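Worksheet: the structure to be examined is printed underneath.
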Amino acid sequence: MQVSSINFKRYVSEKLNDENLQQALSRLQTRFVGGRAAVIGEIADLEASRTAAAAIRDRVLQNLDQWLLHFERQATARGATVHWADTGADVNRIVAEIAALHGVRKAAKSKSMVSEECGLNEALERQGIEVVETDLGEYILQLAHEPPSHIVAPVVHKSKEEIADLFAEKHQRPRKTDIAELCREAREILRPAFLSADMGISGANFLIAETGSALIVTNEGNGRLVTTLPRVHVAITGIEKVVPTLEDVTTLLRLLPRSATGQSITNYVSVLTGNKGAADHDGPEHFHIILVDNGRSSLLGGELQSMLRCIRCGACMNHCPVYQNIGGHAYGWVYPGPMGSILTPTFVGLENAPDLPNASTLCGACGEVCPVKIPLPDLLRQLREKLAERGLKPWQERVALSLWSWMARHPAVYALATKIAVRALKYAGGADGLLHRLPGASGWTDGRDMPAPVGKTFRELYHQGKRP
Amino acid sequence: MSDRDRILARIGKALGSSEAAQIDAHLATHARGPAPPRLDNPVAHFKERALMLSSDVMEAASMADVPAVLAHHLAERGLPSQGVCWPALADLPWHGAGLDIEARPANDRDLLGITGAFCAIAETGTLMLLSGPETPASASLLPETHVAIVATGRIVASMEDAWDLLRSECERPPRAVNFISGPSRTADIEQTVTLGAHGPYRVVLILVDSTKID
């Protein structure tokens with residue numbers, strides 16, 4: 001997917017004025033924030049579970065190469081083929097090679113955010129392979145030629161009326177507006193795609209080192225269909241997704257759907273190991289697993305390593321006051337919200353996404369709801385420091401801050417400057433004592449007035465004994 | 001240098017030394033994480049959770065009674081009485097109950113799929129199915145109605161208990177372990193939950209008292 005995070009500020013003003021989007025985002029809060037709150041208490045000791053989950057993820061990250069090698073041995077022993085992809089382009093090349101090897105003409109795909117990183121669909125289509133997205137949300141986006149705006153609910157930004165129009169146009173069937181009818185129509189259109197596809201493409205929520213399995217959680221059943229019916233299955237996932245044992249993955253599964261959609265468990269959890277057996281009636285004859293780096297290893301051993309614990313539940317964005325107001329597209333790449341504001345600059349370069357680390361009020365909600373205890377606000381602060389170190393802040397901000405820093409080290413100058421400033425601001429405030437406009441702060445004063453200072457500094461008032 | 005070597009070299013450099021021995025030690029323990037709340041009556045809890053997931057739950061006095069219980073339910077709901085079952089369930093008296101059931105994997109035209117379950121998990125009201133020649137995965141996936149026969153003695157408290165059962169009874173995991181928790185659903189359009197996305201529209205659980213299974 002093309003990175004357009006550099007346009008963040010422009011996108012934000014567009015999104016804030018998009019009434020449809022604002023309505024859609026309020027629904028997200030009700031369903032996902034409310035949904036999580038309703039079921040998270042089912043976990044006997046939430047803090048202990050989050051701590052255990054973080055420890056499971058850290059255990060793997062501390063010895064990631066060894067765990068990957070163990071996974072590879074176990075998966076290979078069961079007949080799967082394990083591939084390693086350094087970059088998104090490598091993923092596309094490997095999938096195209098697999099397709100060519102098995103004579104694949106048509107692929108049915110369940111949701112994979114890693115494949116969005118690579119722009120896999122476009123790459124395969126260039127090779128003459130038809131790709132059908134089968135997750136309902138992703139299918140709608142494929143028809144509309146749009147990127148996802150949420151990692152769990154990709155089409156959260158669209159209303160049912162927009163989807164009804166899209167289906168009527170693309171399916172050439174009478175327009176329906178009932179949600180259940182729209183879902184049935186998509187089911188009827190997509191069922192033949194599952195049956196006729198030569199290759200199923202999926203992500204993997206976890207890789208289990210103990211058994212060499214890929215684990216996939218889905219609700220719609222499309223994940224099961226694309227991994228059961230086509231003769232080739234390709235699972236694409238990040239190198240950090242390894243989990244040691246079936247017990248470890250169970251601890252994570254108690255947290256993932258509850259944090260994501262407010263479900264105690266997703267409808268389907270599939271643990272897939274190896275190829276179809278000789279006597280089996282179903283399952284793929286060829287099972288390929290692609291382990292993708294694409295920037296992940298650069299987080300290892302550094303200040304941002306804990307970001308690799310992420311299990312992609314989306315709770316951080318659901319609870320983020322910034323995401324709640326601007327939606328996912330404003331972030332300009334695959335991963336929105338707080339986790340995206342860390343991953344995007346890391347994967348595509350801080351210089352290509354300089355506004356994202358600042359797209360947070362640091363209210364701390366993301367860190368509190370994170371099921372694997374990623375200290376997201378701290379990581380955002382680290383990135384802000386990097387922005388400053390690398391001179392990626394706007395020049396006005398840099399000049400203002402160095403000026404302020406110099407004054408703070410010279411108290412006499414500071415006192416004089418503030419004396420002048422509060423008097424000037426009092427004068428500017430006029431008779432009603434309100435500042436309607438402030439140079440350099442129009443973003444603030446466009447929407448509200450700022451009360452003008454009373455004309456004396458805090459220190460002056462303090463010395464006069466007027467304790468405010 | 002292959003992608004594999006490049007990635008492993010980069011990880012190795014970032015982490016410094018890593019030890020394979022630690023891995024083996026952890027794998028050997030199968031240590032469990034924090035336990036879910038203890039259940040006094042797993043069977044009752046399973047039923048309660050299954051209903052919350054929009055599954056239908058009914059009971060049959062014995063395996064031989066399953067076809068009659070199912071036939072009654074299907075007639076009541078106006079659902080087709082024709083479908084497929086796992087080859088492992090071929091010998092039940094389907095025909096005697098007025099059902100037209102073939103013991104074979106399901107295809108796209110089958111509207112009713114009948115399966116057993118390796119076990120069931122009380123904590124979440126979940127079925128655990130293992131794929132295999134006698135237990136094809138398609139039967140619980142392609143038809144609009146999925147019927148699963150669950151022996152009450154195979155209802156375990158947690159997913160960890162289910163893994164223990166798998167380890168004790170199978171040499172290794174089958175190609176697919178499928179955990180099923182109610183009918184397929186989607187909430188992609190306006191976050192409104194709709195049952196019957198790509199998989200079954202309804203899941204019918206028929207519980208059989210294990211003491212009555214021979």
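Order determines the names: the first chain of the structure tokens is A, the second B, and so forth; residues in each chain are numbered 1 upward, and ligands are numbered 1 upward as they are shown.
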
Can you tell me which residues surround region 169-184 of chain A at a distance of at most 7 Å, considering only C-alpha atoms, apart from same-chain residues fewer than 6 positions away, and format the answer as a PyMOL selection string? (chain A and resi 160-161) or (chain B and resi 189+194+197)

Using only C-alpha atoms and a distance of at most 6 Å, pull out the residues of chain A that contact chain B, as number ranges by chain. A: 44, 49, 63, 65-66, 84-86, 137, 153, 180, 187, 219-222, 247, 251, 267-274, 279-280, 297, 300-301

When DSSP works through the backbone of this structure, what residues of region 7-205 of chain B end up as helix (DSSP H, G or I), shown as a VMD selection string? chain B and resid 7 to 15 20 to 29 42 to 52 63 to 77 87 to 89 95 to 97 137 to 140 152 to 154 159 to 169

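Here the question is which of A:Val322, A:Ala193, A:Ile98, A:Ala424 gets nearest to Leu124 (chain A) using only C-alpha atoms, and that residue is A:Ile98.
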
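Between Pro371 (chain A) and the candidates A:Asp198, A:Asp293, A:Asp58, A:Glu47, the tightest atom-to-atom separation, counting only C-alpha atoms, involves A:Glu47.
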
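Counting from CA of Tyr331 (chain A), the distance to CA of Ser5 (chain A) is 5.5 Å.
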
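Note that CA of Ala61 (chain B) and CA of Lys47 (chain B) are 16.1 Å apart.
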
Who sits within 8 Å of Arg381 (chain A), only C-alpha atoms, same chain under 4 positions skipped, as a short mmCIF file (atom, residue, chain, number, x, y, z; two decimals) with N, CA and C atoms, in the first residue's frame:
data_model
loop_
_atom_site.label_atom_id
_atom_site.label_comp_id
_atom_site.auth_asym_id
_atom_site.auth_seq_id
_atom_site.Cartn_x
_atom_site.Cartn_y
_atom_site.Cartn_z
N PRO A 357 3.64 10.47 15.38
CA PRO A 357 3.93 10.39 16.82
C PRO A 357 3.25 11.51 17.61
N PRO A 377 1.97 5.07 25.11
CA PRO A 377 2.30 6.50 25.26
C PRO A 377 3.80 6.73 25.40
N GLU A 385 10.93 12.26 20.64
CA GLU A 385 12.32 12.66 20.88
C GLU A 385 13.16 12.47 19.63
#

Filtered DSSP result for region 2-214 of chain B, state strand (DSSP E or B), as a JSON list (two decimals) with C-alpha atoms, in the first residue's frame:
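result.json, freshly written:
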[["chain", "number", "residue", "atom", "x", "y", "z"],
["B", 56, "ASP", "CA", -29.58, -24.15, 19.68],
["B", 57, "VAL", "CA", -29.13, -26.69, 22.45],
["B", 58, "MET", "CA", -31.14, -29.88, 22.88],
["B", 59, "GLU", "CA", -30.70, -33.20, 24.56],
["B", 60, "ALA", "CA", -31.08, -36.81, 23.46],
["B", 82, "GLN", "CA", -31.77, -33.98, 3.76],
["B", 83, "GLY", "CA", -28.02, -33.70, 4.24],
["B", 84, "VAL", "CA", -24.71, -35.32, 5.09],
["B", 85, "CYS", "CA", -23.03, -36.69, 8.20],
["B", 100, "ASP", "CA", -32.25, -38.53, 4.36],
["B", 101, "ILE", "CA", -28.62, -38.46, 5.43],
["B", 102, "GLU", "CA", -25.58, -39.55, 3.41],
["B", 103, "ALA", "CA", -22.29, -40.34, 5.14],
["B", 112, "LEU", "CA", -27.52, -29.88, 6.48],
["B", 113, "GLY", "CA", -24.22, -31.15, 7.92],
["B", 114, "ILE", "CA", -24.07, -33.45, 10.94],
["B", 115, "THR", "CA", -20.86, -33.93, 12.92],
["B", 119, "CYS", "CA", -14.69, -32.44, 22.82],
["B", 120, "ALA", "CA", -16.45, -29.26, 23.91],
["B", 121, "ILE", "CA", -15.27, -26.39, 26.09],
["B", 126, "THR", "CA", -17.18, -23.95, 22.10],
["B", 127, "LEU", "CA", -16.90, -27.16, 20.02],
["B", 128, "MET", "CA", -13.51, -28.66, 19.18],
["B", 129, "LEU", "CA", -13.46, -30.63, 15.92],
["B", 130, "LEU", "CA", -10.52, -32.52, 14.46],
["B", 145, "THR", "CA", -27.24, -25.79, 9.22],
["B", 146, "HIS", "CA", -24.54, -27.49, 11.28],
["B", 147, "VAL", "CA", -25.64, -30.12, 13.79],
["B", 148, "ALA", "CA", -23.08, -31.35, 16.30],
["B", 149, "ILE", "CA", -23.53, -34.30, 18.63],
["B", 150, "VAL", "CA", -21.75, -33.72, 21.93],
["B", 151, "ALA", "CA", -21.26, -36.39, 24.59],
["B", 155, "ILE", "CA", -17.28, -31.40, 27.92],
["B", 156, "VAL", "CA", -14.10, -30.05, 29.49],
["B", 176, "ALA", "CA", -7.06, -28.82, 11.17],
["B", 177, "VAL", "CA", -8.28, -28.31, 14.71],
["B", 178, "ASN", "CA", -11.41, -26.19, 14.42],
["B", 179, "PHE", "CA", -12.92, -24.49, 17.44],
["B", 180, "ILE", "CA", -16.50, -23.53, 16.61],
["B", 185, "ARG", "CA", -21.39, -14.07, 11.79],
["B", 186, "THR", "CA", -20.22, -10.69, 10.60],
["B", 194, "THR", "CA", -25.60, -10.61, 11.38],
["B", 195, "LEU", "CA", -25.69, -14.40, 11.64],
["B", 202, "ARG", "CA", -27.39, -21.98, 12.57],
["B", 203, "VAL", "CA", -25.61, -24.41, 14.86],
["B", 204, "VAL", "CA", -27.66, -27.10, 16.62],
["B", 205, "LEU", "CA", -26.04, -28.92, 19.53],
["B", 206, "ILE", "CA", -27.46, -32.25, 20.60],
["B", 207, "LEU", "CA", -26.14, -33.27, 24.00],
["B", 208, "VAL", "CA", -26.06, -36.98, 24.80]]

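With only C-alpha atoms as the atoms that count, the residue of A:Val114, A:Ser196, A:Thr30, A:Asp90 with the shortest distance to Val131 (chain A) is A:Ser196.
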
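Coordinates place CA of Asn205 (chain A) at a distance of 22.0 Å from CA of Glu368 (chain A).
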